[in-house]
Structures are given as C-alpha cells and as structure tokens.
file my_file23.txt (compact mmCIF, C-alpha atoms (C1' of nucleotides))
# COMPACT_ATOMS: atom_id res chain seq x y z
CA MET A 249 0.00 0.00 0.00
CA THR A 250 1.36 3.41 -0.90
CA ALA A 251 1.74 6.06 1.74
CA GLU A 252 -0.78 8.09 -0.20
CA ARG A 253 -3.32 5.33 -0.01
CA GLU A 254 -2.74 4.89 3.68
CA THR A 255 -3.18 8.58 4.32
CA ALA A 256 -6.38 8.45 2.34
CA GLU A 257 -7.73 5.63 4.46
CA VAL A 258 -7.04 7.34 7.74
CA LEU A 259 -8.57 10.50 6.38
CA ALA A 260 -11.60 8.60 5.11
CA ARG A 261 -12.27 7.23 8.56
CA THR A 262 -11.91 10.57 10.27
CA LEU A 263 -13.96 12.39 7.70
CA ARG A 264 -16.74 9.86 7.67
CA ASP A 265 -16.99 9.96 11.41
CA ALA A 266 -17.13 13.75 11.45
CA ILE A 267 -19.73 13.83 8.73
CA THR A 268 -21.91 11.23 10.37
CA ARG A 269 -22.02 13.09 13.61
CA LEU A 270 -22.48 16.49 12.07
CA ASN A 271 -25.25 15.17 9.90
CA ARG A 272 -27.09 13.85 12.91
CA ARG A 273 -26.54 17.07 14.74
CA VAL A 274 -28.01 19.13 11.95
CA ARG A 275 -30.89 16.72 11.51
CA GLN A 276 -31.61 17.00 15.18
CA ALA A 277 -31.83 20.75 14.95
CA ARG A 278 -34.87 20.31 12.74
CA PRO A 279 -37.35 23.09 13.36
CA VAL A 280 -40.69 22.36 14.95
CA GLY A 281 -42.34 22.62 11.56
CA ASP A 282 -43.15 19.54 9.58
CA LEU A 283 -40.70 19.30 6.73
CA THR A 284 -38.20 16.52 7.19
CA PHE A 285 -34.61 16.57 6.10
CA SER A 286 -35.18 14.45 3.00
CA GLN A 287 -38.22 16.43 2.00
CA LEU A 288 -36.37 19.70 2.37
CA SER A 289 -33.46 18.32 0.43
CA ALA A 290 -35.71 17.25 -2.43
CA LEU A 291 -37.51 20.58 -2.40
CA THR A 292 -34.16 22.31 -2.48
CA SER A 293 -33.02 20.34 -5.49
CA LEU A 294 -36.23 21.16 -7.29
CA GLN A 295 -35.87 24.77 -6.38
CA LEU A 296 -32.31 24.95 -7.66
CA ALA A 297 -33.06 23.04 -10.84
CA GLY A 298 -36.39 24.75 -11.48
CA ALA A 299 -38.06 21.52 -12.57
CA LEU A 300 -37.11 17.87 -12.81
CA THR A 301 -38.67 14.52 -13.55
CA PRO A 302 -38.96 12.09 -10.65
CA ARG A 303 -36.14 10.02 -12.09
CA GLU A 304 -33.85 13.01 -12.39
CA LEU A 305 -34.70 14.11 -8.88
CA ALA A 306 -34.03 10.62 -7.57
CA ASP A 307 -30.66 10.67 -9.28
CA VAL A 308 -29.76 14.07 -7.90
CA GLU A 309 -30.79 13.00 -4.41
CA ARG A 310 -29.01 9.69 -4.82
CA VAL A 311 -32.06 7.71 -3.94
CA GLN A 312 -34.03 4.96 -5.68
CA PRO A 313 -37.11 6.04 -7.65
CA PRO A 314 -39.66 4.48 -5.27
CA THR A 315 -38.16 6.40 -2.38
CA MET A 316 -38.54 9.60 -4.32
CA THR A 317 -42.14 8.74 -5.14
CA LYS A 318 -42.89 8.74 -1.42
CA ILE A 319 -41.04 11.94 -0.68
CA VAL A 320 -42.63 13.79 -3.56
CA GLY A 321 -46.01 12.43 -2.50
CA LYS A 322 -45.60 14.06 0.90
CA LEU A 323 -44.54 17.34 -0.65
CA GLU A 324 -47.49 17.20 -3.01
CA ASP A 325 -49.91 16.51 -0.16
CA ARG A 326 -48.67 19.71 1.42
CA GLY A 327 -49.11 21.64 -1.81
CA LEU A 328 -45.41 22.43 -2.04
CA VAL A 329 -44.74 20.64 -5.31
CA ALA A 330 -46.90 20.29 -8.38
CA ARG A 331 -46.70 17.79 -11.19
CA THR A 332 -47.44 18.57 -14.81
CA PRO A 333 -47.40 16.21 -17.79
CA HIS A 334 -44.27 15.97 -19.88
CA PRO A 335 -44.85 17.79 -23.18
CA THR A 336 -43.83 14.91 -25.45
CA ASP A 337 -43.40 11.76 -23.37
CA ARG A 338 -46.56 10.70 -21.61
CA ARG A 339 -44.70 8.32 -19.33
CA GLN A 340 -42.86 11.18 -17.71
CA VAL A 341 -43.92 13.85 -15.28
CA ILE A 342 -42.50 17.26 -14.55
CA LEU A 343 -42.09 18.24 -10.92
CA ALA A 344 -41.72 21.85 -9.83
CA PRO A 345 -42.14 23.74 -6.57
CA THR A 346 -45.34 25.71 -6.20
CA GLU A 347 -45.37 29.32 -5.07
CA GLN A 348 -46.10 28.07 -1.58
CA GLY A 349 -43.27 25.59 -1.92
CA ARG A 350 -40.83 28.37 -2.67
CA THR A 351 -41.99 30.36 0.33
CA VAL A 352 -41.90 27.46 2.73
CA TYR A 353 -38.52 26.43 1.40
CA ALA A 354 -37.04 29.84 2.12
CA GLN A 355 -38.37 29.83 5.68
CA PHE A 356 -37.17 26.38 6.49
CA GLU A 357 -33.85 26.91 4.85
CA ARG A 358 -33.23 29.88 7.07
CA ALA A 359 -34.27 28.05 10.23
CA ARG A 360 -32.35 25.06 9.08
CA ASN A 361 -29.08 26.84 8.77
CA GLU A 362 -29.41 28.78 11.93
CA TRP A 363 -27.74 26.37 14.25
CA LEU A 364 -24.92 25.51 11.90
CA ALA A 365 -24.37 29.13 10.88
CA GLN A 366 -24.15 30.08 14.53
CA GLN A 367 -21.49 27.47 15.13
CA LEU A 368 -19.58 28.55 12.07
CA ALA A 369 -19.75 32.20 13.05
CA ASN A 370 -17.92 31.28 16.23
CA LEU A 371 -14.99 29.86 14.31
CA SER A 372 -11.99 31.84 13.21
CA PRO A 373 -11.96 33.26 9.66
CA ASP A 374 -9.15 30.87 8.95
CA GLU A 375 -11.18 27.88 10.03
CA ARG A 376 -14.11 29.04 7.97
CA SER A 377 -12.04 29.37 4.85
CA THR A 378 -10.71 25.87 5.39
CA LEU A 379 -14.27 24.61 5.63
CA ALA A 380 -15.28 26.53 2.53
CA ARG A 381 -12.54 24.90 0.53
CA ALA A 382 -13.38 21.53 2.04
CA ALA A 383 -17.04 21.91 1.10
CA GLU A 384 -16.12 22.37 -2.52
CA ILE A 385 -13.87 19.36 -2.52
CA LEU A 386 -16.56 17.27 -0.86
CA GLN A 387 -19.18 18.36 -3.38
CA GLN A 388 -16.86 17.22 -6.09
CA VAL A 389 -16.21 13.89 -4.39
CA ALA A 390 -19.91 13.29 -3.80
CA ARG A 391 -20.57 13.92 -7.44
CA ALA A 392 -18.06 11.31 -8.56
CA MET B 970 -26.10 41.41 9.97
CA THR B 971 -22.33 41.35 10.19
CA ALA B 972 -20.27 40.27 7.23
CA GLU B 973 -18.99 37.45 9.36
CA ARG B 974 -22.46 36.20 10.05
CA GLU B 975 -23.39 36.41 6.41
CA THR B 976 -20.31 34.45 5.41
CA ALA B 977 -21.21 31.86 8.01
CA GLU B 978 -24.69 31.47 6.57
CA VAL B 979 -23.54 30.98 3.03
CA LEU B 980 -20.95 28.53 4.26
CA ALA B 981 -23.53 26.69 6.33
CA ARG B 982 -25.69 26.15 3.30
CA THR B 983 -22.86 24.93 1.13
CA LEU B 984 -21.45 22.72 3.79
CA ARG B 985 -24.74 21.19 4.69
CA ASP B 986 -25.48 20.39 1.10
CA ALA B 987 -22.10 18.79 0.59
CA ILE B 988 -22.42 16.75 3.74
CA THR B 989 -25.91 15.55 2.94
CA ARG B 990 -24.91 14.30 -0.45
CA LEU B 991 -21.67 12.77 0.68
CA ASN B 992 -23.41 11.03 3.52
CA ARG B 993 -25.89 9.47 1.15
CA ARG B 994 -23.14 8.47 -1.19
CA VAL B 995 -21.22 6.70 1.54
CA ARG B 996 -24.35 5.06 2.89
CA GLN B 997 -25.10 3.79 -0.54
CA ALA B 998 -21.71 2.14 -0.75
CA ARG B 999 -22.69 -0.11 2.12
CA PRO B 1000 -21.21 -3.54 1.70
CA VAL B 1001 -23.42 -6.54 1.02
CA GLY B 1002 -22.95 -7.66 4.60
CA ASP B 1003 -25.57 -7.00 7.18
CA LEU B 1004 -24.33 -4.21 9.44
CA THR B 1005 -26.14 -0.95 8.83
CA PHE B 1006 -24.63 2.47 9.07
CA SER B 1007 -26.06 3.23 12.50
CA GLN B 1008 -25.09 -0.14 13.85
CA LEU B 1009 -21.56 0.26 12.60
CA SER B 1010 -21.39 3.74 14.00
CA ALA B 1011 -22.52 2.55 17.42
CA LEU B 1012 -20.10 -0.35 17.33
CA THR B 1013 -17.34 2.05 16.38
CA SER B 1014 -18.09 4.33 19.30
CA LEU B 1015 -18.04 1.37 21.65
CA GLN B 1016 -14.82 0.17 20.15
CA LEU B 1017 -13.15 3.54 20.55
CA ALA B 1018 -14.44 4.09 24.06
CA GLY B 1019 -13.92 0.51 25.17
CA ALA B 1020 -17.17 0.38 27.09
CA LEU B 1021 -20.14 2.69 27.63
CA THR B 1022 -23.56 2.66 29.20
CA PRO B 1023 -26.52 2.87 26.81
CA ARG B 1024 -27.13 6.43 27.88
CA GLU B 1025 -23.54 7.44 27.19
CA LEU B 1026 -23.60 5.69 23.86
CA ALA B 1027 -26.85 7.43 22.95
CA ASP B 1028 -25.26 10.76 23.82
CA VAL B 1029 -22.16 10.05 21.78
CA GLU B 1030 -24.26 8.98 18.83
CA ARG B 1031 -26.58 11.93 19.31
CA VAL B 1032 -29.63 9.76 19.45
CA GLN B 1033 -32.41 9.28 21.99
CA PRO B 1034 -32.03 6.38 24.43
CA PRO B 1035 -34.86 4.26 22.96
CA THR B 1036 -33.25 4.44 19.56
CA MET B 1037 -30.01 3.19 21.02
CA THR B 1038 -31.83 0.36 22.78
CA LYS B 1039 -32.94 -0.90 19.38
CA ILE B 1040 -29.56 -0.56 17.74
CA VAL B 1041 -27.77 -2.25 20.61
CA GLY B 1042 -30.41 -4.99 20.55
CA LYS B 1043 -29.54 -5.77 16.95
CA LEU B 1044 -25.84 -5.82 17.71
CA GLU B 1045 -26.46 -8.07 20.66
CA ASP B 1046 -28.54 -10.45 18.58
CA ARG B 1047 -25.54 -10.81 16.33
CA GLY B 1048 -23.23 -11.42 19.25
CA LEU B 1049 -21.18 -8.32 18.52
CA VAL B 1050 -21.87 -6.52 21.76
CA ALA B 1051 -22.25 -7.84 25.28
CA ARG B 1052 -23.84 -6.25 28.28
CA THR B 1053 -22.58 -6.63 31.83
CA PRO B 1054 -24.04 -5.19 35.03
CA HIS B 1055 -22.74 -1.90 36.29
CA PRO B 1056 -20.51 -2.50 39.33
CA THR B 1057 -22.24 -0.05 41.62
CA ASP B 1058 -25.47 1.15 40.01
CA ARG B 1059 -27.92 -1.61 39.29
CA ARG B 1060 -29.99 0.58 36.99
CA GLN B 1061 -27.15 0.85 34.55
CA VAL B 1062 -25.58 -1.57 32.13
CA ILE B 1063 -22.13 -1.69 30.61
CA LEU B 1064 -21.91 -2.28 26.89
CA ALA B 1065 -18.74 -3.50 25.23
CA PRO B 1066 -17.87 -5.11 21.91
CA THR B 1067 -17.24 -8.84 22.02
CA GLU B 1068 -14.22 -10.42 20.39
CA GLN B 1069 -16.39 -11.17 17.39
CA GLY B 1070 -17.61 -7.59 17.45
CA ARG B 1071 -14.07 -6.31 17.18
CA THR B 1072 -13.30 -8.61 14.28
CA VAL B 1073 -16.45 -7.81 12.38
CA TYR B 1074 -15.95 -4.14 13.03
CA ALA B 1075 -12.50 -4.18 11.50
CA GLN B 1076 -13.75 -5.95 8.38
CA PHE B 1077 -16.68 -3.69 7.84
CA GLU B 1078 -14.71 -0.62 8.59
CA ARG B 1079 -12.26 -1.50 5.87
CA ALA B 1080 -14.98 -2.23 3.32
CA ARG B 1081 -16.81 0.84 4.43
CA ASN B 1082 -13.97 3.19 3.81
CA GLU B 1083 -12.96 1.68 0.55
CA TRP B 1084 -15.00 3.85 -1.72
CA LEU B 1085 -14.28 7.07 0.13
CA ALA B 1086 -10.59 6.28 0.52
CA GLN B 1087 -10.38 5.63 -3.20
CA GLN B 1088 -11.91 9.00 -3.93
CA LEU B 1089 -9.61 10.72 -1.50
CA ALA B 1090 -6.55 9.00 -2.90
CA ASN B 1091 -7.36 10.62 -6.21
CA LEU B 1092 -7.20 14.09 -4.73
CA SER B 1093 -4.08 16.19 -4.51
CA PRO B 1094 -2.09 16.13 -1.25
CA ASP B 1095 -3.09 19.71 -0.80
CA GLU B 1096 -6.78 18.91 -1.05
CA ARG B 1097 -6.37 16.03 1.36
CA SER B 1098 -4.70 18.19 3.95
CA THR B 1099 -7.52 20.70 3.62
CA LEU B 1100 -10.02 17.93 4.26
CA ALA B 1101 -8.01 16.66 7.21
CA ARG B 1102 -8.11 20.05 8.84
CA ALA B 1103 -11.77 20.42 7.99
CA ALA B 1104 -12.56 17.06 9.56
CA GLU B 1105 -11.10 18.19 12.85
CA ILE B 1106 -13.03 21.42 12.80
CA LEU B 1107 -16.23 19.58 11.98
CA GLN B 1108 -15.70 17.10 14.79
CA GLN B 1109 -15.35 20.02 17.13
CA VAL B 1110 -18.47 21.70 15.78
CA ALA B 1111 -20.49 18.50 16.01
CA ARG B 1112 -19.42 18.13 19.60
CA ALA B 1113 -20.69 21.60 20.52
C1' DT C 709 -47.79 -2.15 -38.84
C1' DC C 710 -47.28 -4.37 -35.02
C1' DA C 711 -44.81 -7.25 -31.65
C1' DC C 712 -41.60 -6.64 -28.34
C1' DA C 713 -37.86 -4.88 -25.63
C1' DG C 714 -36.83 -1.07 -22.84
C1' DT C 715 -37.98 3.02 -19.84
C1' DA C 716 -40.78 5.99 -16.37
C1' DG C 717 -43.40 5.95 -12.57
C1' DT C 718 -45.84 3.78 -9.10
C1' DT C 719 -47.43 0.17 -5.80
C1' DA C 720 -46.62 -3.37 -2.40
C1' DG C 721 -44.17 -5.07 1.23
C1' DC C 722 -40.35 -5.15 3.93
C1' DT C 723 -36.48 -3.33 7.36
C1' DT C 724 -34.21 0.33 9.81
C1' DA C 725 -34.09 4.64 12.16
C1' DG C 726 -35.81 7.96 14.67
C1' DC C 727 -39.12 10.16 17.85
C1' DT C 728 -42.28 10.74 22.28
C1' DA C 729 -44.78 8.87 26.11
C1' DA C 730 -45.12 5.73 29.60
C1' DT C 731 -43.22 1.94 32.83
C1' DG C 732 -40.43 -0.29 36.07
C1' DA C 733 -36.39 -0.44 38.65
C1' DT C 734 -33.07 1.82 41.19
C1' DC C 735 -30.68 5.62 43.45
C1' DC C 736 -30.15 9.48 46.52
C1' DG C 737 -31.27 13.57 49.24
C1' DC C 738 -33.81 15.05 52.93
C1' DG D 1223 -37.87 5.63 54.69
C1' DC D 1224 -40.31 8.68 51.20
C1' DG D 1225 -40.40 11.14 47.06
C1' DG D 1226 -38.33 13.02 43.32
C1' DA D 1227 -34.63 12.11 39.83
C1' DT D 1228 -32.30 8.87 36.67
C1' DC D 1229 -31.47 4.57 33.68
C1' DA D 1230 -33.15 1.46 30.61
C1' DT D 1231 -36.72 -0.45 28.21
C1' DT D 1232 -41.32 -1.09 25.92
C1' DA D 1233 -45.02 0.44 23.05
C1' DG D 1234 -46.53 2.73 19.24
C1' DC D 1235 -45.97 5.85 15.79
C1' DT D 1236 -43.80 8.13 11.27
C1' DA D 1237 -40.23 8.59 7.82
C1' DA D 1238 -36.70 6.76 4.91
C1' DG D 1239 -34.76 3.50 2.37
C1' DC D 1240 -34.61 -0.84 -0.30
C1' DT D 1241 -36.16 -4.64 -3.96
C1' DA D 1242 -39.60 -6.81 -6.75
C1' DA D 1243 -43.35 -6.44 -9.48
C1' DC D 1244 -46.79 -3.94 -12.10
C1' DT D 1245 -48.81 -0.51 -15.54
C1' DA D 1246 -48.32 2.58 -19.14
C1' DC D 1247 -45.89 4.28 -22.67
C1' DT D 1248 -42.03 4.73 -26.27
C1' DG D 1249 -39.49 3.33 -29.99
C1' DT D 1250 -37.35 -0.02 -32.95
C1' DG D 1251 -37.00 -3.59 -36.28
C1' DA D 1252 -38.88 -7.45 -38.88
call {"tool": "encode", "arguments": {"input": "my_file23.txt", "output": "structure tokens"}}
result
Amino acid sequence: MTAERETAEVLARTLRDAITRLNRRVRQARPVGDLTFSQLSALTSLQLAGALTPRELADVERVQPPTMTKIVGKLEDRGLVARTPHPTDRRQVILAPTEQGRTVYAQFERARNEWLAQQLANLSPDERSTLARAAEILQQVARA
Amino acid sequence: MTAERETAEVLARTLRDAITRLNRRVRQARPVGDLTFSQLSALTSLQLAGALTPRELADVERVQPPTMTKIVGKLEDRGLVARTPHPTDRRQVILAPTEQGRTVYAQFERARNEWLAQQLANLSPDERSTLARAAEILQQVARA
DNA sequence: TCACAGTAGTTAGCTTAGCTAATGATCCGC
DNA sequence: GCGGATCATTAGCTAAGCTAACTACTGTGA
C-alpha cells in the first residue's frame, strides 16, 4: 500500500466519522415545523433546478425512484410541489415547486441553517475558509 | 447582519449540502454484509471508548435512548456486543464489543472506507490536507 | 404495422431509524 | 424511609430507504 493510499484511508475514517455526527446534529436541529430533512433536500433540489422529472430528482438525491415517489407524495400533499405532464413523453412527469413551496422552502432553509451558521460564526476566519474549501472538494467527491 | 455572520450562513448552506450528499453516497456504498450504518457507528463508538452505558452511547451517537436500545439490541442479537451489570449502580448496564464484534468491526470498517478512501486518494495532497483540517473542525463543531 | 424490448413511474411489502410517552427499577437527598 | 430524579426499556408511531413487481408508454425492427 502506498503512503498516499494509507493517508487516504485514515482520512476517510476521520472524515466519515465527522460527517456522520455532524449530519445527525443538523438533523436533530430540525425546526418544529413539519418538513423533514429528505423532504427539504428534495424541495431544495427542485428549487435549484427549477423543474425535474422524478427520475432526475431521484438521481440528484441519490435515492431509488420508489423512495422519491414517497417523498414527492408528501410534498405534493402539502401543496409544495406540483406535477405537470411531460410535453412529449406521456410516461414522464414534470415536478416543480409551487409558489407556496418556494416560500416554505425559504423559511425552512433559514431556520435550518441557523444552528450551523451560529457554530460557524464562532470559528476563526481561517477555520471558515478551510471549511469553505473543504465543502467544494466534498461536493466534487460526492458527485463522482 | 455582520459580514462574518453572512459568510457563516452561506458557508452553512454549502457545507450542509455537501455533507448531505456525501453522507448518502457513503451510505449507498454499504457492503453486502448486514451491518447498517447506524449499527456500525454505534459499534465504532463502543470500540473507541472501550465500554459505555446505553445512555452514554446514545449521547455520543446523538440519538435518543430508545433508539439506542434498538440498535444495541440488533448488535447483541448478532453477538457483537455484550452487556454486563454496572458495578455499583444496578440501573445501569455496561456495553462493550465482544471479540467477534471487534473482528467484524475491523472488516466492515475497511470495506466501508474503501469507496471514500479511493476518492480521497485521487485528490491532490493539498486537497487532502484541507479535508483533514476540515474534519477536525467539523468534529469540534459536532461536539458543541 | 405491429410485436416486443426497454424506460418511467408507481405500488406493495419489507427493514431500519428515529421520535415521544409511559413503565419499572433503582438511586439518593432530605 | 419517602419522594423526586435517573437509567433502561417497551409500546406505538412516522419517515426513509430498499427490492420486486406492475402498468403505461415509447421506440425499434422485422
């Protein structure tokens, strides 16, 4: 095993552990409202993309299609997402946030970030810039 | 709002997004074996700490006690964790990995990290050291 | 043109994870 | 030694995730 590979393995362990715990922490800070983490995440992806088919959304969220069916169903029940027929392919469906969806998203997003933002504000500028660079690298890795 | 606070909010959003996606990605790479992410995480905490009470383990894992009862129950069913009475307080229980638990942990841990380690090995040394520093900061934040 | 293979979405049925509320057992302070 | 805290568990719920199987539709090729 190369030294590089070994370093990568140690780092993988550390990083995974940190991410697991932080993820739980952020999840826990869920506001009293009723949108769950997965629902908010899906709504966010829709918001950012404008509109997606269920399959595309499932791919973006790295989830199997049936899972996304459920999540979207919940969002639809709440009137946050609307489905319209695909213009040419009648098998497909177009999902997009409703006006209400956009509003609710903004509110939750703010509440959602509050705890984490507070923690980050307490860090040094140097630490924050390290995290900013790390976030980009992680995005890239997750996309691979 | 201070500039610092604003920076923190943007960073929070980015970071949270990256972490969510990476977490799903790693979860997805779960080996065919039968230990789930939460189970492995709990086993890991026990391994690192040596022994903990259910309450302590729940705190470490940032989970409510009943949730930990279930997870520990599964690990116990598989003979990976054993419970012994607390020496002085009969309400409490001491949880520790069994010999088999330690073995299984090591195997899974290796398989678990494989995908992530591979990704990290492909990064530049500079990127890796950024992630290493970030991991420490995140650990600290998650602990807050 | 039409049979058939492939694709999109959903449904069904399962396990795991997480929560709160309530219980039972124990501890400890007064 | 009584009464309030604390530890663990049970019960009962919802959400998230999976695979397998189904329906509806598309598109291709004989």
call {"tool": "closest_residue", "arguments": {"input": "my_file23.txt", "among": "A:Ala354, A:Leu283, A:Ala383, A:Val329", "to": "chain B", "atoms": "all atoms listed in the file"}}
result
A:Ala383
call {"tool": "interface_residues", "arguments": {"input": "my_file23.txt", "of": "chain A", "to": "chain B", "cutoff": "6 Å", "atoms": "all atoms listed in the file", "output": "ChimeraX atom specification"}}
result
/A:253,256-257,260,263,266,270,364-365,368-369,379,382-383,386-387,390
call {"tool": "write_last_selection", "arguments": {"input": "my_file23.txt", "atoms": "C-alpha atoms", "output": "short mmCIF file (atom, residue, chain, number, x, y, z; two decimals), in the frame of the given file"}}
result
data_model
loop_
_atom_site.label_atom_id
_atom_site.label_comp_id
_atom_site.auth_asym_id
_atom_site.auth_seq_id
_atom_site.Cartn_x
_atom_site.Cartn_y
_atom_site.Cartn_z
CA ARG A 253 -3.32 5.33 -0.01
CA ALA A 256 -6.38 8.45 2.34
CA GLU A 257 -7.73 5.63 4.46
CA ALA A 260 -11.60 8.60 5.11
CA LEU A 263 -13.96 12.39 7.70
CA ALA A 266 -17.13 13.75 11.45
CA LEU A 270 -22.48 16.49 12.07
CA LEU A 364 -24.92 25.51 11.90
CA ALA A 365 -24.37 29.13 10.88
CA LEU A 368 -19.58 28.55 12.07
CA ALA A 369 -19.75 32.20 13.05
CA LEU A 379 -14.27 24.61 5.63
CA ALA A 382 -13.38 21.53 2.04
CA ALA A 383 -17.04 21.91 1.10
CA LEU A 386 -16.56 17.27 -0.86
CA GLN A 387 -19.18 18.36 -3.38
CA ALA A 390 -19.91 13.29 -3.80
#
call {"tool": "closest_residue", "arguments": {"input": "my_file23.txt", "among": "D:DT1232, D:DA1237, D:DT1248, D:DG1225", "to": "chain B", "atoms": "only C-alpha atoms (C1' of nucleotides)"}}
result
D:DT1232
call {"tool": "residues_around", "arguments": {"input": "my_file23.txt", "residues": "DC1240 in chain D", "least_positions_apart": "6", "cutoff": "10 Å", "atoms": "only C-alpha atoms (C1' of nucleotides)", "output": "list in words"}}
result
Val311, Gln312, Pro314 and Thr315 of chain A; DC722 and DT723 of chain C
call {"tool": "residues_around", "arguments": {"input": "my_file23.txt", "residues": "Lys1043 in chain B", "least_positions_apart": "3", "cutoff": "12 Å", "atoms": "all atoms listed in the file", "output": "list in words"}}
result
Asp1003, Leu1004, Thr1005, Ser1007, Gln1008, Leu1009, Ala1011, Leu1012, Thr1036, Met1037, Thr1038, Lys1039, Ile1040, Asp1046, Arg1047, Gly1048, Leu1049, Val1050 and Ala1051 of chain B; DT724 of chain C
call {"tool": "interface_residues", "arguments": {"input": "my_file23.txt", "of": "chain D", "to": "chain B", "cutoff": "10 Å", "atoms": "only C-alpha atoms (C1' of nucleotides)", "output": "list of chain:residue names"}}
result
D:DT1228, D:DC1229, D:DA1230, D:DT1231, D:DT1232
call {"tool": "interface_residues", "arguments": {"input": "my_file23.txt", "of": "chain C", "to": "chain A", "cutoff": "8 Å", "atoms": "all atoms listed in the file", "output": "PyMOL selection string"}}
result
chain C and resi 716-718
call {"tool": "write_last_selection", "arguments": {"input": "my_file23.txt", "atoms": "C-alpha atoms (C1' of nucleotides)", "output": "PDB file, in the coordinates of the input"}}
result
ATOM      1  C1'  DA C 716     -40.780   5.990 -16.370  1.00  0.00           C
ATOM      2  C1'  DG C 717     -43.400   5.950 -12.570  1.00  0.00           C
ATOM      3  C1'  DT C 718     -45.840   3.780  -9.100  1.00  0.00           C
TER       4       DT C 718
END
call {"tool": "atom_distance", "arguments": {"input": "my_file23.txt", "atom1": "CA of Gly1019 in chain B", "atom2": "CA of Ile1063 in chain B"}}
result
10.1 Å
call {"tool": "atom_distance", "arguments": {"input": "my_file23.txt", "atom1": "CA of Val1041 in chain B", "atom2": "CA of Thr1072 in chain B"}}
result
17.0 Å
call {"tool": "atom_distance", "arguments": {"input": "my_file23.txt", "atom1": "C1' of DC712 in chain C", "atom2": "C1' of DA1243 in chain D"}}
result
18.9 Å
call {"tool": "closest_residue", "arguments": {"input": "my_file23.txt", "among": "C:DG721, C:DT709, C:DG726, C:DG714", "to": "DT1241 in chain D", "atoms": "only C-alpha atoms (C1' of nucleotides)"}}
result
C:DG721
call {"tool": "decode", "arguments": {"input": "my_file23.txt", "residues": "chain D", "atoms": "C-alpha atoms (C1' of nucleotides)", "output": "PDB file, in the first residue's frame"}}
result
ATOM      1  C1'  DG D1223     -37.871   5.626  54.690  1.00  0.00           C
ATOM      2  C1'  DC D1224     -40.310   8.678  51.202  1.00  0.00           C
ATOM      3  C1'  DG D1225     -40.402  11.143  47.063  1.00  0.00           C
ATOM      4  C1'  DG D1226     -38.333  13.016  43.322  1.00  0.00           C
ATOM      5  C1'  DA D1227     -34.629  12.113  39.826  1.00  0.00           C
ATOM      6  C1'  DT D1228     -32.304   8.875  36.675  1.00  0.00           C
ATOM      7  C1'  DC D1229     -31.468   4.575  33.682  1.00  0.00           C
ATOM      8  C1'  DA D1230     -33.147   1.460  30.607  1.00  0.00           C
ATOM      9  C1'  DT D1231     -36.721  -0.452  28.207  1.00  0.00           C
ATOM     10  C1'  DT D1232     -41.316  -1.095  25.923  1.00  0.00           C
ATOM     11  C1'  DA D1233     -45.019   0.437  23.053  1.00  0.00           C
ATOM     12  C1'  DG D1234     -46.528   2.731  19.244  1.00  0.00           C
ATOM     13  C1'  DC D1235     -45.973   5.852  15.790  1.00  0.00           C
ATOM     14  C1'  DT D1236     -43.803   8.129  11.269  1.00  0.00           C
ATOM     15  C1'  DA D1237     -40.231   8.594   7.817  1.00  0.00           C
ATOM     16  C1'  DA D1238     -36.696   6.759   4.910  1.00  0.00           C
ATOM     17  C1'  DG D1239     -34.763   3.502   2.375  1.00  0.00           C
ATOM     18  C1'  DC D1240     -34.605  -0.842  -0.299  1.00  0.00           C
ATOM     19  C1'  DT D1241     -36.156  -4.637  -3.962  1.00  0.00           C
ATOM     20  C1'  DA D1242     -39.597  -6.811  -6.754  1.00  0.00           C
ATOM     21  C1'  DA D1243     -43.349  -6.440  -9.478  1.00  0.00           C
ATOM     22  C1'  DC D1244     -46.786  -3.938 -12.104  1.00  0.00           C
ATOM     23  C1'  DT D1245     -48.814  -0.508 -15.539  1.00  0.00           C
ATOM     24  C1'  DA D1246     -48.320   2.578 -19.140  1.00  0.00           C
ATOM     25  C1'  DC D1247     -45.886   4.282 -22.670  1.00  0.00           C
ATOM     26  C1'  DT D1248     -42.030   4.728 -26.268  1.00  0.00           C
ATOM     27  C1'  DG D1249     -39.486   3.327 -29.992  1.00  0.00           C
ATOM     28  C1'  DT D1250     -37.349  -0.022 -32.945  1.00  0.00           C
ATOM     29  C1'  DG D1251     -37.002  -3.592 -36.279  1.00  0.00           C
ATOM     30  C1'  DA D1252     -38.880  -7.445 -38.879  1.00  0.00           C
TER      31       DA D1252
END
